[in-house]
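Undergrad: Before I ask anything, let me first share the structure, which is written out below as structure tokens.
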Amino acid sequence: MPSAPSLSPVAEQLLAYLHDRRAPFIDFLQTLVRTESPSFEPARTRAVLDLLAEAFGALAFDVTHLPGRRTGGQLYARPRRRARGTGAQLLLGHADTVWPAGTLDEMPCTLKDGRLYGPGVFDMKAGLAMMVFALRALRDLDRQPALTPLVFVNTDEEIDSIESHRRIERLARVVDRVLVLEPALGPSGKIKTARKGTGEFEIIIHGRAAHAGLAPEEGRSAILELSYVIQQLFALNDPASGVTVNVGTVAGGLRTNVVAPECRLTVDVRVPSRADAERIERRIRGLKPTTPDVTLEIRGGFHRPPLERTPRNRALWQQYQALARELGCTLEEATAGGGSDGNFTSRFTATLDGLGAVGDGAHARHEHIDVDRTLTRCALLARLLVEPPAGAR
């Protein structure tokens, strides 16, 4: 726990409250982690939402479960009593993980040397626990949020928020700011003030089959054309500007003695700006075949826009930085190569991402959080919740 003479009374109060509740925080988080929740298992992800519904209900929130068709749906919570004339702020997170059921058998949730390990603990069940405990701190310390806190937790973020992103965008249009409880970036705990936009394209190449020995000249090799297309795609990479284009999978052909009539490839694209997204998509859709009588079928597109450093996002980041100094913390910012639901909200309102746990190992076997540093970030979250917005929307 930070200790410095410059800490303000509210900072000291929040830090003391949350660090004093280290044990119940760990207990609650372990319960979340041990409730395994892979994205495509609705019953399991719904079980995490049920745990959160109970916790937010105890905080006098009205909780609604929004059902999904292919997923466990979403949780939406708002205070039963809301002051009139105030704006709103959205706490945003996800309950699904990339880990299949049964991972706990070989990767148990354990506490060792101040670190809590387990599947999904860093990305991002610790962020969900932080939401609960930050709001609990404000209630118990009788400190009112400057804006009505709303909570939205989905169960499909790890699969591109396939069912929830439209609801997230609708909420973003009516709130003054969005606080994304995704984990901080790397062991140093950097805040994600920018994220790349992400897209996925599939290119299907249609050629013509022929016997490779008897009449190869009658064929049109889709695999030959594939080699040309791959080179054109990789030429779109621009490391200096942060544009990455990666051909991740290829498949096609029938057998060795047949000129390949068809093949396909998938492409991962990441861009730092909307202008880059428009330019790269235009280039991909404008690809032309090199081989005569071969056609290209291009599917897919961008599914998450970039989270850019807009003026309102910068104002929120600077406000958060100042509050961190009040709690004795020095924070740095960074750009994340992966997307989050903050990518959707940033187009409509001030958004700050990576406000969750400090730790390491997202999607990796060593996934863990630093408990004490995470509790300090929880105090910082609570401090931000009581601060009025910085600047206009």
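Following the order of the structure tokens, first chain is A, next is B, and so on, with residues numbered from 1 inside each chain and ligands from 1 in the order they appear.
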If we count only C-alpha atoms and set the cut-off at 12 Å, which residues sit around A:Phe28, ignoring sequence neighbours fewer than 3 positions away in its own chain? Please answer as a PyMOL selection string.

TA: chain A and resi 21-25+31-35+48+51-52+54-55+121+125-133

Undergrad: For the residues in that selection, give me N, CA, C and O atoms as an mmCIF file, in the first residue's frame.

TA:
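Wrote out04.cif, looks like this:
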data_model
loop_
_atom_site.group_PDB
_atom_site.id
_atom_site.type_symbol
_atom_site.label_atom_id
_atom_site.label_comp_id
_atom_site.auth_asym_id
_atom_site.auth_seq_id
_atom_site.Cartn_x
_atom_site.Cartn_y
_atom_site.Cartn_z
ATOM 1 N N ARG A 21 -9.318 -4.809 3.021
ATOM 2 C CA ARG A 21 -10.242 -5.854 2.553
ATOM 3 C C ARG A 21 -9.578 -6.773 1.519
ATOM 4 O O ARG A 21 -10.217 -7.334 0.643
ATOM 5 N N ARG A 22 -8.292 -6.927 1.684
ATOM 6 C CA ARG A 22 -7.514 -7.792 0.786
ATOM 7 C C ARG A 22 -8.067 -9.216 0.786
ATOM 8 O O ARG A 22 -8.254 -9.823 -0.272
ATOM 9 N N ALA A 23 -8.334 -9.766 1.961
ATOM 10 C CA ALA A 23 -8.806 -11.157 2.053
ATOM 11 C C ALA A 23 -10.160 -11.352 1.379
ATOM 12 O O ALA A 23 -10.314 -12.284 0.566
ATOM 13 N N PRO A 24 -11.189 -10.528 1.661
ATOM 14 C CA PRO A 24 -12.457 -10.734 0.957
ATOM 15 C C PRO A 24 -12.359 -10.470 -0.540
ATOM 16 O O PRO A 24 -13.058 -11.119 -1.324
ATOM 17 N N PHE A 25 -11.487 -9.561 -0.946
ATOM 18 C CA PHE A 25 -11.278 -9.336 -2.381
ATOM 19 C C PHE A 25 -10.738 -10.605 -3.032
ATOM 20 O O PHE A 25 -11.231 -11.044 -4.082
ATOM 21 N N THR A 31 -13.507 -17.034 -6.353
ATOM 22 C CA THR A 31 -14.793 -17.620 -6.729
ATOM 23 C C THR A 31 -15.088 -17.370 -8.205
ATOM 24 O O THR A 31 -15.543 -18.271 -8.930
ATOM 25 N N LEU A 32 -14.805 -16.161 -8.673
ATOM 26 C CA LEU A 32 -15.011 -15.850 -10.095
ATOM 27 C C LEU A 32 -14.112 -16.704 -10.979
ATOM 28 O O LEU A 32 -14.552 -17.254 -12.005
ATOM 29 N N VAL A 33 -12.845 -16.822 -10.599
ATOM 30 C CA VAL A 33 -11.887 -17.567 -11.426
ATOM 31 C C VAL A 33 -12.238 -19.046 -11.452
ATOM 32 O O VAL A 33 -12.139 -19.708 -12.500
ATOM 33 N N ARG A 34 -12.667 -19.577 -10.315
ATOM 34 C CA ARG A 34 -12.984 -21.004 -10.252
ATOM 35 C C ARG A 34 -14.318 -21.326 -10.917
ATOM 36 O O ARG A 34 -14.659 -22.503 -11.073
ATOM 37 N N THR A 35 -15.062 -20.308 -11.293
ATOM 38 C CA THR A 35 -16.256 -20.501 -12.103
ATOM 39 C C THR A 35 -15.830 -20.327 -13.554
ATOM 40 O O THR A 35 -15.850 -19.238 -14.107
ATOM 41 N N VAL A 48 -21.111 -16.872 -14.065
ATOM 42 C CA VAL A 48 -20.337 -15.713 -13.599
ATOM 43 C C VAL A 48 -21.245 -14.496 -13.483
ATOM 44 O O VAL A 48 -21.170 -13.733 -12.510
ATOM 45 N N LEU A 51 -23.120 -14.599 -10.251
ATOM 46 C CA LEU A 51 -22.322 -14.172 -9.102
ATOM 47 C C LEU A 51 -22.246 -12.648 -9.036
ATOM 48 O O LEU A 51 -22.353 -12.045 -7.958
ATOM 49 N N LEU A 52 -22.058 -12.017 -10.187
ATOM 50 C CA LEU A 52 -21.992 -10.561 -10.227
ATOM 51 C C LEU A 52 -23.346 -9.945 -9.904
ATOM 52 O O LEU A 52 -23.425 -8.911 -9.216
ATOM 53 N N GLU A 54 -25.603 -11.042 -7.923
ATOM 54 C CA GLU A 54 -25.775 -11.081 -6.466
ATOM 55 C C GLU A 54 -24.969 -9.966 -5.802
ATOM 56 O O GLU A 54 -25.454 -9.284 -4.890
ATOM 57 N N ALA A 55 -23.726 -9.768 -6.274
ATOM 58 C CA ALA A 55 -22.865 -8.746 -5.670
ATOM 59 C C ALA A 55 -23.392 -7.342 -5.916
ATOM 60 O O ALA A 55 -23.419 -6.503 -5.011
ATOM 61 N N VAL A 121 -7.831 -14.779 -14.501
ATOM 62 C CA VAL A 121 -7.716 -13.889 -13.348
ATOM 63 C C VAL A 121 -7.271 -12.487 -13.772
ATOM 64 O O VAL A 121 -7.744 -11.481 -13.237
ATOM 65 N N LYS A 125 -11.147 -11.166 -14.881
ATOM 66 C CA LYS A 125 -12.025 -11.324 -13.726
ATOM 67 C C LYS A 125 -11.611 -10.447 -12.550
ATOM 68 O O LYS A 125 -12.457 -10.050 -11.741
ATOM 69 N N ALA A 126 -10.327 -10.100 -12.471
ATOM 70 C CA ALA A 126 -9.925 -9.151 -11.443
ATOM 71 C C ALA A 126 -10.578 -7.794 -11.685
ATOM 72 O O ALA A 126 -10.949 -7.097 -10.735
ATOM 73 N N GLY A 127 -10.730 -7.410 -12.951
ATOM 74 C CA GLY A 127 -11.415 -6.151 -13.260
ATOM 75 C C GLY A 127 -12.865 -6.171 -12.819
ATOM 76 O O GLY A 127 -13.401 -5.150 -12.364
ATOM 77 N N LEU A 128 -13.516 -7.322 -12.921
ATOM 78 C CA LEU A 128 -14.902 -7.438 -12.454
ATOM 79 C C LEU A 128 -14.969 -7.297 -10.933
ATOM 80 O O LEU A 128 -15.854 -6.619 -10.401
ATOM 81 N N ALA A 129 -14.028 -7.929 -10.236
ATOM 82 C CA ALA A 129 -13.992 -7.793 -8.777
ATOM 83 C C ALA A 129 -13.713 -6.351 -8.375
ATOM 84 O O ALA A 129 -14.265 -5.852 -7.380
ATOM 85 N N MET A 130 -12.886 -5.662 -9.147
ATOM 86 C CA MET A 130 -12.585 -4.255 -8.856
ATOM 87 C C MET A 130 -13.837 -3.386 -8.967
ATOM 88 O O MET A 130 -14.032 -2.467 -8.168
ATOM 89 N N MET A 131 -14.679 -3.658 -9.956
ATOM 90 C CA MET A 131 -15.937 -2.909 -10.059
ATOM 91 C C MET A 131 -16.736 -3.021 -8.758
ATOM 92 O O MET A 131 -17.203 -2.023 -8.201
ATOM 93 N N VAL A 132 -16.902 -4.254 -8.301
ATOM 94 C CA VAL A 132 -17.708 -4.513 -7.105
ATOM 95 C C VAL A 132 -17.107 -3.823 -5.892
ATOM 96 O O VAL A 132 -17.799 -3.124 -5.135
ATOM 97 N N PHE A 133 -15.794 -3.971 -5.686
ATOM 98 C CA PHE A 133 -15.177 -3.450 -4.469
ATOM 99 C C PHE A 133 -15.006 -1.935 -4.506
ATOM 100 O O PHE A 133 -15.061 -1.284 -3.450
#

Undergrad: If you run DSSP on the backbone, which residues of stretch 277-350 of chain A are strand (DSSP E), as a PyMOL selection string?

TA: chain A and resi 295-304+333-336+350

Undergrad: With N, CA and C atoms kept, could you save the residues just selected as a PDB file, in the first residue's frame?

TA:
ATOM      1  N   THR A 295     -10.459 -15.899 -60.516  1.00  0.00           N
ATOM      2  CA  THR A 295     -11.217 -14.837 -59.842  1.00  0.00           C
ATOM      3  C   THR A 295     -10.963 -14.872 -58.335  1.00  0.00           C
ATOM      4  N   LEU A 296     -11.118 -13.711 -57.717  1.00  0.00           N
ATOM      5  CA  LEU A 296     -10.954 -13.577 -56.270  1.00  0.00           C
ATOM      6  C   LEU A 296     -12.289 -13.212 -55.642  1.00  0.00           C
ATOM      7  N   GLU A 297     -12.623 -13.900 -54.570  1.00  0.00           N
ATOM      8  CA  GLU A 297     -13.812 -13.584 -53.776  1.00  0.00           C
ATOM      9  C   GLU A 297     -13.331 -13.117 -52.402  1.00  0.00           C
ATOM     10  N   ILE A 298     -13.690 -11.913 -52.023  1.00  0.00           N
ATOM     11  CA  ILE A 298     -13.158 -11.308 -50.799  1.00  0.00           C
ATOM     12  C   ILE A 298     -14.294 -11.083 -49.801  1.00  0.00           C
ATOM     13  N   ARG A 299     -14.151 -11.645 -48.623  1.00  0.00           N
ATOM     14  CA  ARG A 299     -15.160 -11.544 -47.569  1.00  0.00           C
ATOM     15  C   ARG A 299     -14.556 -10.924 -46.313  1.00  0.00           C
ATOM     16  N   GLY A 300     -15.440 -10.551 -45.388  1.00  0.00           N
ATOM     17  CA  GLY A 300     -14.996 -10.054 -44.094  1.00  0.00           C
ATOM     18  C   GLY A 300     -14.798  -8.558 -44.070  1.00  0.00           C
ATOM     19  N   GLY A 301     -14.051  -8.080 -43.092  1.00  0.00           N
ATOM     20  CA  GLY A 301     -13.820  -6.656 -42.941  1.00  0.00           C
ATOM     21  C   GLY A 301     -13.376  -6.345 -41.524  1.00  0.00           C
ATOM     22  N   PHE A 302     -13.430  -5.074 -41.151  1.00  0.00           N
ATOM     23  CA  PHE A 302     -13.047  -4.661 -39.807  1.00  0.00           C
ATOM     24  C   PHE A 302     -14.209  -4.861 -38.848  1.00  0.00           C
ATOM     25  N   HIS A 303     -13.928  -5.490 -37.694  1.00  0.00           N
ATOM     26  CA  HIS A 303     -14.980  -5.723 -36.715  1.00  0.00           C
ATOM     27  C   HIS A 303     -14.804  -4.884 -35.457  1.00  0.00           C
ATOM     28  N   ARG A 304     -13.656  -4.268 -35.271  1.00  0.00           N
ATOM     29  CA  ARG A 304     -13.477  -3.318 -34.165  1.00  0.00           C
ATOM     30  C   ARG A 304     -12.754  -2.084 -34.709  1.00  0.00           C
ATOM     31  N   GLU A 333       1.353   5.538 -20.225  1.00  0.00           N
ATOM     32  CA  GLU A 333       0.357   5.115 -21.203  1.00  0.00           C
ATOM     33  C   GLU A 333       1.024   4.302 -22.305  1.00  0.00           C
ATOM     34  N   ALA A 334       0.197   3.562 -23.051  1.00  0.00           N
ATOM     35  CA  ALA A 334       0.724   2.739 -24.133  1.00  0.00           C
ATOM     36  C   ALA A 334      -0.397   2.433 -25.123  1.00  0.00           C
ATOM     37  N   THR A 335       0.024   1.950 -26.289  1.00  0.00           N
ATOM     38  CA  THR A 335      -0.916   1.475 -27.306  1.00  0.00           C
ATOM     39  C   THR A 335      -0.956  -0.046 -27.268  1.00  0.00           C
ATOM     40  N   ALA A 336      -2.155  -0.621 -27.252  1.00  0.00           N
ATOM     41  CA  ALA A 336      -2.313  -2.077 -27.266  1.00  0.00           C
ATOM     42  C   ALA A 336      -2.609  -2.555 -28.682  1.00  0.00           C
ATOM     43  N   ALA A 350     -15.947   9.833 -24.163  1.00  0.00           N
ATOM     44  CA  ALA A 350     -14.619   9.694 -23.567  1.00  0.00           C
ATOM     45  C   ALA A 350     -14.433   8.281 -23.019  1.00  0.00           C
TER      46      ALA A 350
END

Undergrad: Which is closest to A:His363 among A:Glu12, A:Glu158, A:Glu169, A:Glu163, if we use only C-alpha atoms?

TA: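 Between A:Glu12, A:Glu158, A:Glu169, A:Glu163, the residue approaching A:His363 most closely is A:Glu158.
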
Undergrad: How close does each residue of stretch 34-148 of chain A get to stretch 368-391 of chain A, giving the shortest atom pair and distance in Å to one decimal for every residue with an atom at most 6 Å away, counting only C-alpha atoms, sorted by chain and residue number, as a Markdown table?

TA:
| residue | atom | partner | partner_atom | distance |
| --- | --- | --- | --- | --- |
| A:Gly114 | CA | A:Val371 | CA | 5.9 |
| A:Arg115 | CA | A:Asp370 | CA | 4.7 |
| A:Leu116 | CA | A:His368 | CA | 5.4 |
| A:Tyr117 | CA | A:His368 | CA | 4.2 |
| A:Phe122 | CA | A:His368 | CA | 5.6 |
| A:Met130 | CA | A:Cys378 | CA | 5.4 |
| A:Ala134 | CA | A:Ala382 | CA | 4.8 |
| A:Pro145 | CA | A:Val386 | CA | 4.0 |
| A:Ala146 | CA | A:Val386 | CA | 4.6 |

Undergrad: Write out the residues from the selection above, keeping C-alpha atoms, as a PDB file, in the first residue's frame.

TA:
ATOM      1  CA  GLY A 114       1.458 -11.845  -3.374  1.00  0.00           C
ATOM      2  CA  ARG A 115       0.331 -13.018  -6.797  1.00  0.00           C
ATOM      3  CA  LEU A 116      -2.965 -14.693  -7.609  1.00  0.00           C
ATOM      4  CA  TYR A 117      -2.747 -17.172 -10.496  1.00  0.00           C
ATOM      5  CA  PHE A 122      -5.856 -11.133 -15.227  1.00  0.00           C
ATOM      6  CA  MET A 130     -12.585  -4.255  -8.856  1.00  0.00           C
ATOM      7  CA  ALA A 134     -14.761   0.119  -5.755  1.00  0.00           C
ATOM      8  CA  PRO A 145     -20.090   9.174  -7.442  1.00  0.00           C
ATOM      9  CA  ALA A 146     -20.084  12.361  -9.481  1.00  0.00           C
TER      10      ALA A 146
END

Undergrad: Please list as JSON, numbers by chain every residue within 9 Å of stretch 74-86 of chain A, counting only C-alpha atoms and excluding residues in the same chain fewer than 3 positions away.

TA: {"A": [46, 49, 50, 52, 53, 56, 57, 59, 60, 61, 62, 63, 64, 65, 66, 67, 68, 71, 94, 95, 146, 147, 148, 149, 150, 151, 152, 153, 154, 155, 156, 164]}

Undergrad: Output the selection as a tab-separated table (two decimals), in the first residue's frame - N, CA, C and O atoms for each residue.

TA:
chain	number	residue	atom	x	y	z
A	46	ARG	N	-22.93	-17.64	-17.94
A	46	ARG	CA	-24.07	-17.13	-17.20
A	46	ARG	C	-23.85	-17.30	-15.69
A	46	ARG	O	-24.30	-16.46	-14.89
A	49	LEU	N	-22.12	-14.30	-14.46
A	49	LEU	CA	-23.07	-13.18	-14.38
A	49	LEU	C	-23.96	-13.30	-13.15
A	49	LEU	O	-24.30	-12.29	-12.52
A	50	ASP	N	-24.32	-14.51	-12.79
A	50	ASP	CA	-25.16	-14.71	-11.59
A	50	ASP	C	-24.41	-14.28	-10.33
A	50	ASP	O	-25.00	-13.67	-9.43
A	52	LEU	N	-22.06	-12.02	-10.19
A	52	LEU	CA	-21.99	-10.56	-10.23
A	52	LEU	C	-23.35	-9.94	-9.90
A	52	LEU	O	-23.42	-8.91	-9.22
A	53	ALA	N	-24.42	-10.56	-10.39
A	53	ALA	CA	-25.76	-10.04	-10.11
A	53	ALA	C	-26.02	-10.01	-8.60
A	53	ALA	O	-26.58	-9.04	-8.06
A	56	PHE	N	-23.84	-7.06	-7.14
A	56	PHE	CA	-24.37	-5.73	-7.43
A	56	PHE	C	-25.73	-5.52	-6.78
A	56	PHE	O	-26.08	-4.41	-6.37
A	57	GLY	N	-26.52	-6.57	-6.69
A	57	GLY	CA	-27.79	-6.47	-5.98
A	57	GLY	C	-27.60	-6.06	-4.54
A	57	GLY	O	-28.37	-5.27	-3.98
A	59	LEU	N	-25.44	-4.17	-3.49
A	59	LEU	CA	-25.06	-2.75	-3.50
A	59	LEU	C	-26.23	-1.85	-3.89
A	59	LEU	O	-26.04	-0.68	-4.21
A	60	ALA	N	-27.44	-2.41	-3.86
A	60	ALA	CA	-28.66	-1.67	-4.19
A	60	ALA	C	-28.71	-1.26	-5.65
A	60	ALA	O	-29.17	-0.17	-5.99
A	61	PHE	N	-28.25	-2.16	-6.52
A	61	PHE	CA	-28.37	-1.97	-7.96
A	61	PHE	C	-29.50	-2.85	-8.48
A	61	PHE	O	-29.68	-3.98	-8.00
A	62	ASP	N	-30.26	-2.34	-9.42
A	62	ASP	CA	-31.17	-3.18	-10.19
A	62	ASP	C	-30.38	-3.87	-11.27
A	62	ASP	O	-29.65	-3.21	-12.04
A	63	VAL	N	-30.51	-5.17	-11.36
A	63	VAL	CA	-29.70	-5.96	-12.28
A	63	VAL	C	-30.60	-6.64	-13.30
A	63	VAL	O	-31.60	-7.27	-12.93
A	64	THR	N	-30.23	-6.52	-14.55
A	64	THR	CA	-30.99	-7.15	-15.64
A	64	THR	C	-30.07	-8.09	-16.41
A	64	THR	O	-28.94	-7.71	-16.74
A	65	HIS	N	-30.57	-9.30	-16.66
A	65	HIS	CA	-29.84	-10.21	-17.54
A	65	HIS	C	-30.43	-10.10	-18.94
A	65	HIS	O	-31.63	-10.32	-19.14
A	66	LEU	N	-29.59	-9.74	-19.90
A	66	LEU	CA	-30.00	-9.64	-21.30
A	66	LEU	C	-29.57	-10.92	-22.00
A	66	LEU	O	-28.37	-11.16	-22.18
A	67	PRO	N	-30.51	-11.78	-22.36
A	67	PRO	CA	-30.13	-13.10	-22.87
A	67	PRO	C	-29.46	-13.04	-24.24
A	67	PRO	O	-29.69	-12.11	-25.02
A	68	GLY	N	-28.62	-14.02	-24.50
A	68	GLY	CA	-27.98	-14.15	-25.80
A	68	GLY	C	-28.54	-15.33	-26.56
A	68	GLY	O	-29.21	-16.20	-25.98
A	71	THR	N	-24.56	-16.99	-26.87
A	71	THR	CA	-23.68	-16.72	-25.74
A	71	THR	C	-24.49	-16.65	-24.45
A	71	THR	O	-25.71	-16.81	-24.46
A	94	HIS	N	-15.95	-7.84	-19.29
A	94	HIS	CA	-16.45	-9.10	-19.85
A	94	HIS	C	-16.18	-10.25	-18.89
A	94	HIS	O	-15.18	-10.25	-18.15
A	95	ALA	N	-17.09	-11.23	-18.93
A	95	ALA	CA	-17.00	-12.38	-18.03
A	95	ALA	C	-16.44	-13.62	-18.71
A	95	ALA	O	-16.15	-14.62	-18.04
A	146	ALA	N	-19.71	11.11	-8.82
A	146	ALA	CA	-20.08	12.36	-9.48
A	146	ALA	C	-21.11	12.12	-10.58
A	146	ALA	O	-21.95	12.98	-10.87
A	147	LEU	N	-21.06	10.96	-11.20
A	147	LEU	CA	-21.99	10.55	-12.25
A	147	LEU	C	-22.58	9.20	-11.86
A	147	LEU	O	-21.91	8.39	-11.22
A	148	THR	N	-23.81	8.96	-12.25
A	148	THR	CA	-24.44	7.68	-11.93
A	148	THR	C	-23.63	6.54	-12.54
A	148	THR	O	-23.41	6.51	-13.76
A	149	PRO	N	-23.17	5.58	-11.73
A	149	PRO	CA	-22.41	4.46	-12.28
A	149	PRO	C	-23.33	3.38	-12.86
A	149	PRO	O	-24.21	2.86	-12.16
A	150	LEU	N	-23.13	3.07	-14.12
A	150	LEU	CA	-23.82	1.97	-14.78
A	150	LEU	C	-22.79	0.86	-15.02
A	150	LEU	O	-21.60	1.14	-15.20
A	151	VAL	N	-23.25	-0.37	-15.04
A	151	VAL	CA	-22.36	-1.51	-15.23
A	151	VAL	C	-22.87	-2.35	-16.40
A	151	VAL	O	-24.07	-2.66	-16.47
A	152	PHE	N	-21.96	-2.70	-17.29
A	152	PHE	CA	-22.31	-3.60	-18.39
A	152	PHE	C	-21.20	-4.64	-18.52
A	152	PHE	O	-20.02	-4.29	-18.69
A	153	VAL	N	-21.58	-5.91	-18.40
A	153	VAL	CA	-20.63	-7.01	-18.51
A	153	VAL	C	-21.16	-7.99	-19.55
A	153	VAL	O	-22.28	-8.51	-19.41
A	154	ASN	N	-20.38	-8.26	-20.58
A	154	ASN	CA	-20.81	-9.21	-21.60
A	154	ASN	C	-20.09	-10.54	-21.45
A	154	ASN	O	-19.21	-10.70	-20.59
A	155	THR	N	-20.46	-11.50	-22.28
A	155	THR	CA	-19.84	-12.83	-22.23
A	155	THR	C	-19.27	-13.24	-23.58
A	155	THR	O	-19.04	-14.42	-23.82
A	156	ASP	N	-19.03	-12.23	-24.44
A	156	ASP	CA	-18.55	-12.56	-25.79
A	156	ASP	C	-17.43	-11.64	-26.27
A	156	ASP	O	-17.16	-11.57	-27.46
A	164	SER	N	-23.06	-8.46	-28.41
A	164	SER	CA	-23.21	-7.37	-27.45
A	164	SER	C	-22.77	-6.01	-27.95
A	164	SER	O	-23.08	-4.99	-27.34
